[in-house]
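Coordinates from entry16.cif are shown below (mmCIF, C-alpha atoms).
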```cif
data_protein
loop_
_atom_site.group_PDB
_atom_site.id
_atom_site.type_symbol
_atom_site.label_atom_id
_atom_site.label_comp_id
_atom_site.auth_asym_id
_atom_site.auth_seq_id
_atom_site.Cartn_x
_atom_site.Cartn_y
_atom_site.Cartn_z
ATOM 1 C CA MET A 26 10.292 45.462 173.746
ATOM 2 C CA SER A 27 8.940 42.533 171.714
ATOM 3 C CA ALA A 28 10.971 40.632 169.166
ATOM 4 C CA ILE A 29 9.875 40.468 165.558
ATOM 5 C CA ILE A 30 10.391 37.052 163.995
ATOM 6 C CA THR A 31 10.790 37.062 160.244
ATOM 7 C CA PRO A 32 10.554 33.704 158.416
ATOM 8 C CA PHE A 33 13.402 32.709 156.139
ATOM 9 C CA PRO A 34 12.483 33.828 152.600
ATOM 10 C CA GLY A 35 11.651 31.312 149.926
ATOM 11 C CA ILE A 36 10.691 28.410 152.188
ATOM 12 C CA ASN A 37 7.136 27.114 151.989
ATOM 13 C CA ARG A 38 6.958 24.101 154.310
ATOM 14 C CA GLN A 39 3.455 23.170 153.136
ATOM 15 C CA ASN A 40 4.814 22.035 149.771
ATOM 16 C CA GLN A 41 7.854 20.290 151.263
ATOM 17 C CA VAL A 42 8.222 16.497 151.252
ATOM 18 C CA GLY A 43 9.712 15.082 154.443
ATOM 19 C CA PHE A 44 10.201 11.883 156.410
ATOM 20 C CA ASP A 45 7.823 10.994 159.220
ATOM 21 C CA LYS A 46 9.082 9.756 162.590
ATOM 22 C CA ASN A 47 8.822 6.022 161.796
ATOM 23 C CA GLU A 48 10.557 6.385 158.421
ATOM 24 C CA LEU A 49 13.377 8.435 159.886
ATOM 25 C CA THR A 50 13.760 5.949 162.761
ATOM 26 C CA GLN A 51 14.184 3.048 160.313
ATOM 27 C CA ILE A 52 16.720 4.955 158.231
ATOM 28 C CA LEU A 53 18.708 6.240 161.218
ATOM 29 C CA ASN A 54 18.797 2.764 162.829
ATOM 30 C CA LEU A 55 20.415 1.391 159.685
ATOM 31 C CA TYR A 56 22.727 4.401 159.454
ATOM 32 C CA GLY A 57 23.827 3.951 163.084
ATOM 33 C CA ARG A 58 24.652 0.277 162.564
ATOM 34 C CA MET A 59 26.658 1.100 159.435
ATOM 35 C CA VAL A 60 28.576 3.810 161.336
ATOM 36 C CA ALA A 61 29.305 1.324 164.124
ATOM 37 C CA ALA A 62 30.627 -1.126 161.508
ATOM 38 C CA GLY A 63 32.930 1.631 160.208
ATOM 39 C CA ASN A 64 31.331 1.819 156.769
ATOM 40 C CA TRP A 65 29.723 5.296 156.851
ATOM 41 C CA ARG A 66 30.806 8.537 158.461
ATOM 42 C CA ASP A 67 28.379 11.225 157.347
ATOM 43 C CA TYR A 68 24.849 11.797 156.090
ATOM 44 C CA ALA A 69 22.740 14.546 154.551
ATOM 45 C CA ILE A 70 19.001 15.156 154.413
ATOM 46 C CA ASP A 71 17.465 17.173 151.589
ATOM 47 C CA MET A 72 13.766 17.975 151.676
ATOM 48 C CA GLY A 73 12.333 19.626 148.587
ATOM 49 C CA ARG A 74 9.034 20.105 146.840
ATOM 50 C CA ASP A 75 9.162 16.824 144.880
ATOM 51 C CA ALA A 76 11.260 14.543 147.077
ATOM 52 C CA ALA A 77 12.947 13.958 150.406
ATOM 53 C CA VAL A 78 16.420 12.403 150.139
ATOM 54 C CA PHE A 79 18.611 10.811 152.820
ATOM 55 C CA SER A 80 22.203 10.396 151.575
ATOM 56 C CA MET A 81 24.874 8.235 153.250
ATOM 57 C CA PHE A 82 28.587 8.955 152.787
ATOM 58 C CA ARG A 83 31.747 6.953 153.430
ATOM 59 C CA ARG A 84 33.551 10.287 153.766
ATOM 60 C CA ALA A 85 32.104 13.772 153.676
ATOM 61 C CA THR A 86 34.176 14.717 150.618
ATOM 62 C CA GLU A 87 32.815 11.938 148.394
ATOM 63 C CA ARG A 88 29.582 11.297 146.549
ATOM 64 C CA PRO A 89 26.984 9.463 148.628
ATOM 65 C CA GLU A 90 27.315 5.677 148.603
ATOM 66 C CA TYR A 91 23.517 5.344 148.795
ATOM 67 C CA ARG A 92 20.536 7.678 148.641
ATOM 68 C CA ILE A 93 17.094 6.821 149.947
ATOM 69 C CA GLU A 94 14.518 8.866 148.054
ATOM 70 C CA LYS A 95 10.875 9.409 148.942
ATOM 71 C CA ARG A 96 8.817 10.712 145.995
ATOM 72 C CA PRO A 97 5.096 10.771 146.864
ATOM 73 C CA ALA A 98 4.140 11.579 143.253
ATOM 74 C CA LEU A 99 5.210 8.010 142.320
ATOM 75 C CA ARG A 100 3.111 6.396 145.078
ATOM 76 C CA ASN A 101 0.518 4.955 142.671
ATOM 77 C CA ARG A 102 3.044 3.894 140.042
ATOM 78 C CA GLN A 103 6.238 1.987 140.868
ATOM 79 C CA GLY A 104 6.293 3.117 144.501
ATOM 80 C CA MET A 105 7.415 6.258 146.253
ATOM 81 C CA TRP A 106 10.621 4.760 147.742
ATOM 82 C CA ALA A 107 13.875 4.267 145.844
ATOM 83 C CA LEU A 108 17.366 3.141 146.784
ATOM 84 C CA VAL A 109 19.872 4.898 144.528
ATOM 85 C CA GLY A 110 23.491 3.765 144.225
ATOM 86 C CA GLU A 111 26.650 5.841 144.058
ATOM 87 C CA GLY A 112 26.564 6.112 140.268
ATOM 88 C CA GLY A 113 22.933 7.272 140.244
ATOM 89 C CA ALA A 114 21.418 3.926 139.233
ATOM 90 C CA ILE A 115 18.162 2.966 140.963
ATOM 91 C CA LEU A 116 18.967 -0.269 142.796
ATOM 92 C CA LYS A 117 15.501 -0.924 144.204
ATOM 93 C CA ARG A 118 12.109 0.750 144.080
ATOM 94 C CA GLY A 119 8.923 -0.026 145.977
ATOM 95 C CA HIS A 120 5.946 0.971 148.075
ATOM 96 C CA ASP A 121 7.413 0.154 151.518
ATOM 97 C CA LEU A 122 10.640 1.353 153.103
ATOM 98 C CA GLY A 123 11.682 -1.972 154.694
ATOM 99 C CA PRO A 124 12.310 -3.876 151.439
ATOM 100 C CA ILE A 125 14.129 -0.831 150.014
ATOM 101 C CA LEU A 126 16.621 -0.962 152.896
ATOM 102 C CA ALA A 127 17.105 -4.757 152.583
ATOM 103 C CA PRO A 128 20.084 -4.679 150.143
ATOM 104 C CA VAL A 129 21.980 -2.382 152.498
ATOM 105 C CA GLU A 130 21.016 -4.593 155.465
ATOM 106 C CA ARG A 131 22.488 -7.601 153.633
ATOM 107 C CA LYS A 132 25.699 -5.664 153.039
ATOM 108 C CA LEU A 133 25.876 -4.993 156.787
ATOM 109 C CA MET A 134 25.455 -8.708 157.515
ATOM 110 C CA LYS A 135 28.359 -9.503 155.184
ATOM 111 C CA LEU A 136 30.541 -6.960 157.024
ATOM 112 C CA VAL A 137 29.836 -8.631 160.373
ATOM 113 C CA GLU A 138 30.219 -12.212 159.108
ATOM 114 C CA VAL A 139 33.470 -13.956 160.131
#
```

Could you spell out this file's structure in structure tokens?
Amino acid sequence: MSAIITPFPGINRQNQVGFDKNELTQILNLYGRMVAAGNWRDYAIDMGRDAAVFSMFRRATERPEYRIEKRPALRNRQGMWALVGEGGAILKRGHDLGPILAPVERKLMKLVEV
């Protein structure tokens, strides 16, 4: 007897924005260092038609402390990457992921500094 596999309804992966391997590696490296420093404890990834969002949480029951958003439609304008703060304000926007992560990297350096 052969199994019949039915795709989950309503999901069209062709129109879904996601992170590639290098982007996800950069984000997860930062996330891992922040977890090791005791600053973050949870994350969430949301991939939709217009954007892919990686959210970092101090605790799972709170709003995300930071969100990293990838919006390809803004690639030719102000840049497809954005770092969004807890209150929803865009803290940094640009074309490359590295400079977008820099403010969070600096925060990590301050945590380690003695």

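Residues in contact range of Gly119 of chain A, defined as at most 7 Å between all atoms listed in the file, with sequence neighbours fewer than 2 positions away removed, read Gln103, Gly104, Met105, Trp106, Ala107, Lys117, Asp121 and Ile125 of chain A.
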
- Separation of atom CA of Gly73 of chain A and atom CA of Ala127 of chain A, in Å? 25.2 Å

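Between atom CA of Gln51 of chain A and atom CA of Leu126 of chain A the interatomic distance comes to 8.8 Å.
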
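Going from atom CA of Gly113 of chain A to atom CA of Tyr91 of chain A covers 8.8 Å.
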
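Distances to Leu133 of chain A were evaluated for A:Thr86, A:Asn40, A:Ser80, A:Asn64 using only C-alpha atoms, and the minimum falls at A:Asn64.
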
- Task: Run the PyMOL selection byres ((chain A and resi 44) around 10) mentally over the shown coordinates, then write out the matched residues as JSON, numbers by chain, using the chain letters and numbers from the document.
- Result: {"A": [42, 43, 45, 46, 47, 48, 49, 50, 52, 70, 72, 76, 77, 78, 79, 94, 95]}

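Minimum atom-to-atom distances from A:Arg83, A:His120, A:Ile30, A:Val129 to Asn101 of chain A were compared using all atoms listed in the file, and the lowest value belongs to A:His120.
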
- Item | Using all atoms listed in the file: which of A:Asn54, A:Arg100, A:Gln41, A:Ala62 has the shortest distance to Met134 of chain A | A:Ala62

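All residues of protein, DNA or RNA that reach within 12 Å of Gly63 of chain A, judged by only C-alpha atoms and not counting those fewer than 3 positions away in the chain, are Tyr56, Gly57, Arg58, Met59, Val60, Arg66, Asp67, Phe82, Arg83, Arg84, Leu133, Leu136 and Val137 of chain A.
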
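Take the candidates A:Pro97, A:Gly110, A:Pro128, A:Gly123 and check each one against Arg74 of chain A using only C-alpha atoms; the shortest distance goes to A:Pro97.
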
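Shortest atom-to-atom contact with Leu99 of chain A among A:Asp71, A:Met81, A:Gly112, A:Arg118: A:Arg118, counting all atoms listed in the file.
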
- For Ala114 of chain A, list every protein, DNA or RNA residue within 12 Å, evaluated using only C-alpha atoms, and leave out those in the same chain fewer than 5 positions away; present the list as a list in words. Glu90, Tyr91, Arg92, Ile93, Ala107, Leu108 and Val109 of chain A

Restricted to C-alpha atoms, what would the selected residues look like written as a PDB file, in the coordinates of the input?
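File selection_34.pdb, as written:
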```pdb
ATOM      1  CA  GLU A  90      27.315   5.677 148.603  1.00  0.00           C
ATOM      2  CA  TYR A  91      23.517   5.344 148.795  1.00  0.00           C
ATOM      3  CA  ARG A  92      20.536   7.678 148.641  1.00  0.00           C
ATOM      4  CA  ILE A  93      17.094   6.821 149.947  1.00  0.00           C
ATOM      5  CA  ALA A 107      13.875   4.267 145.844  1.00  0.00           C
ATOM      6  CA  LEU A 108      17.366   3.141 146.784  1.00  0.00           C
ATOM      7  CA  VAL A 109      19.872   4.898 144.528  1.00  0.00           C
TER       8      VAL A 109
END
```

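Nearest to Arg131 of chain A of all the residues A:Ala61, A:Ala85, A:Leu55, A:Ile115 is A:Leu55, counting only C-alpha atoms.
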
Please define a box with edges along x, y and z of the file around all atoms of segment 107-115 of chain A given in the file, extend it by 5 Å on each side, and return its centre and edge lengths in Å to one decimal, as JSON.
```
{"center_x": 20.3, "center_y": 5.1, "center_z": 143.0, "size_x": 22.8, "size_y": 14.3, "size_z": 17.6}
```
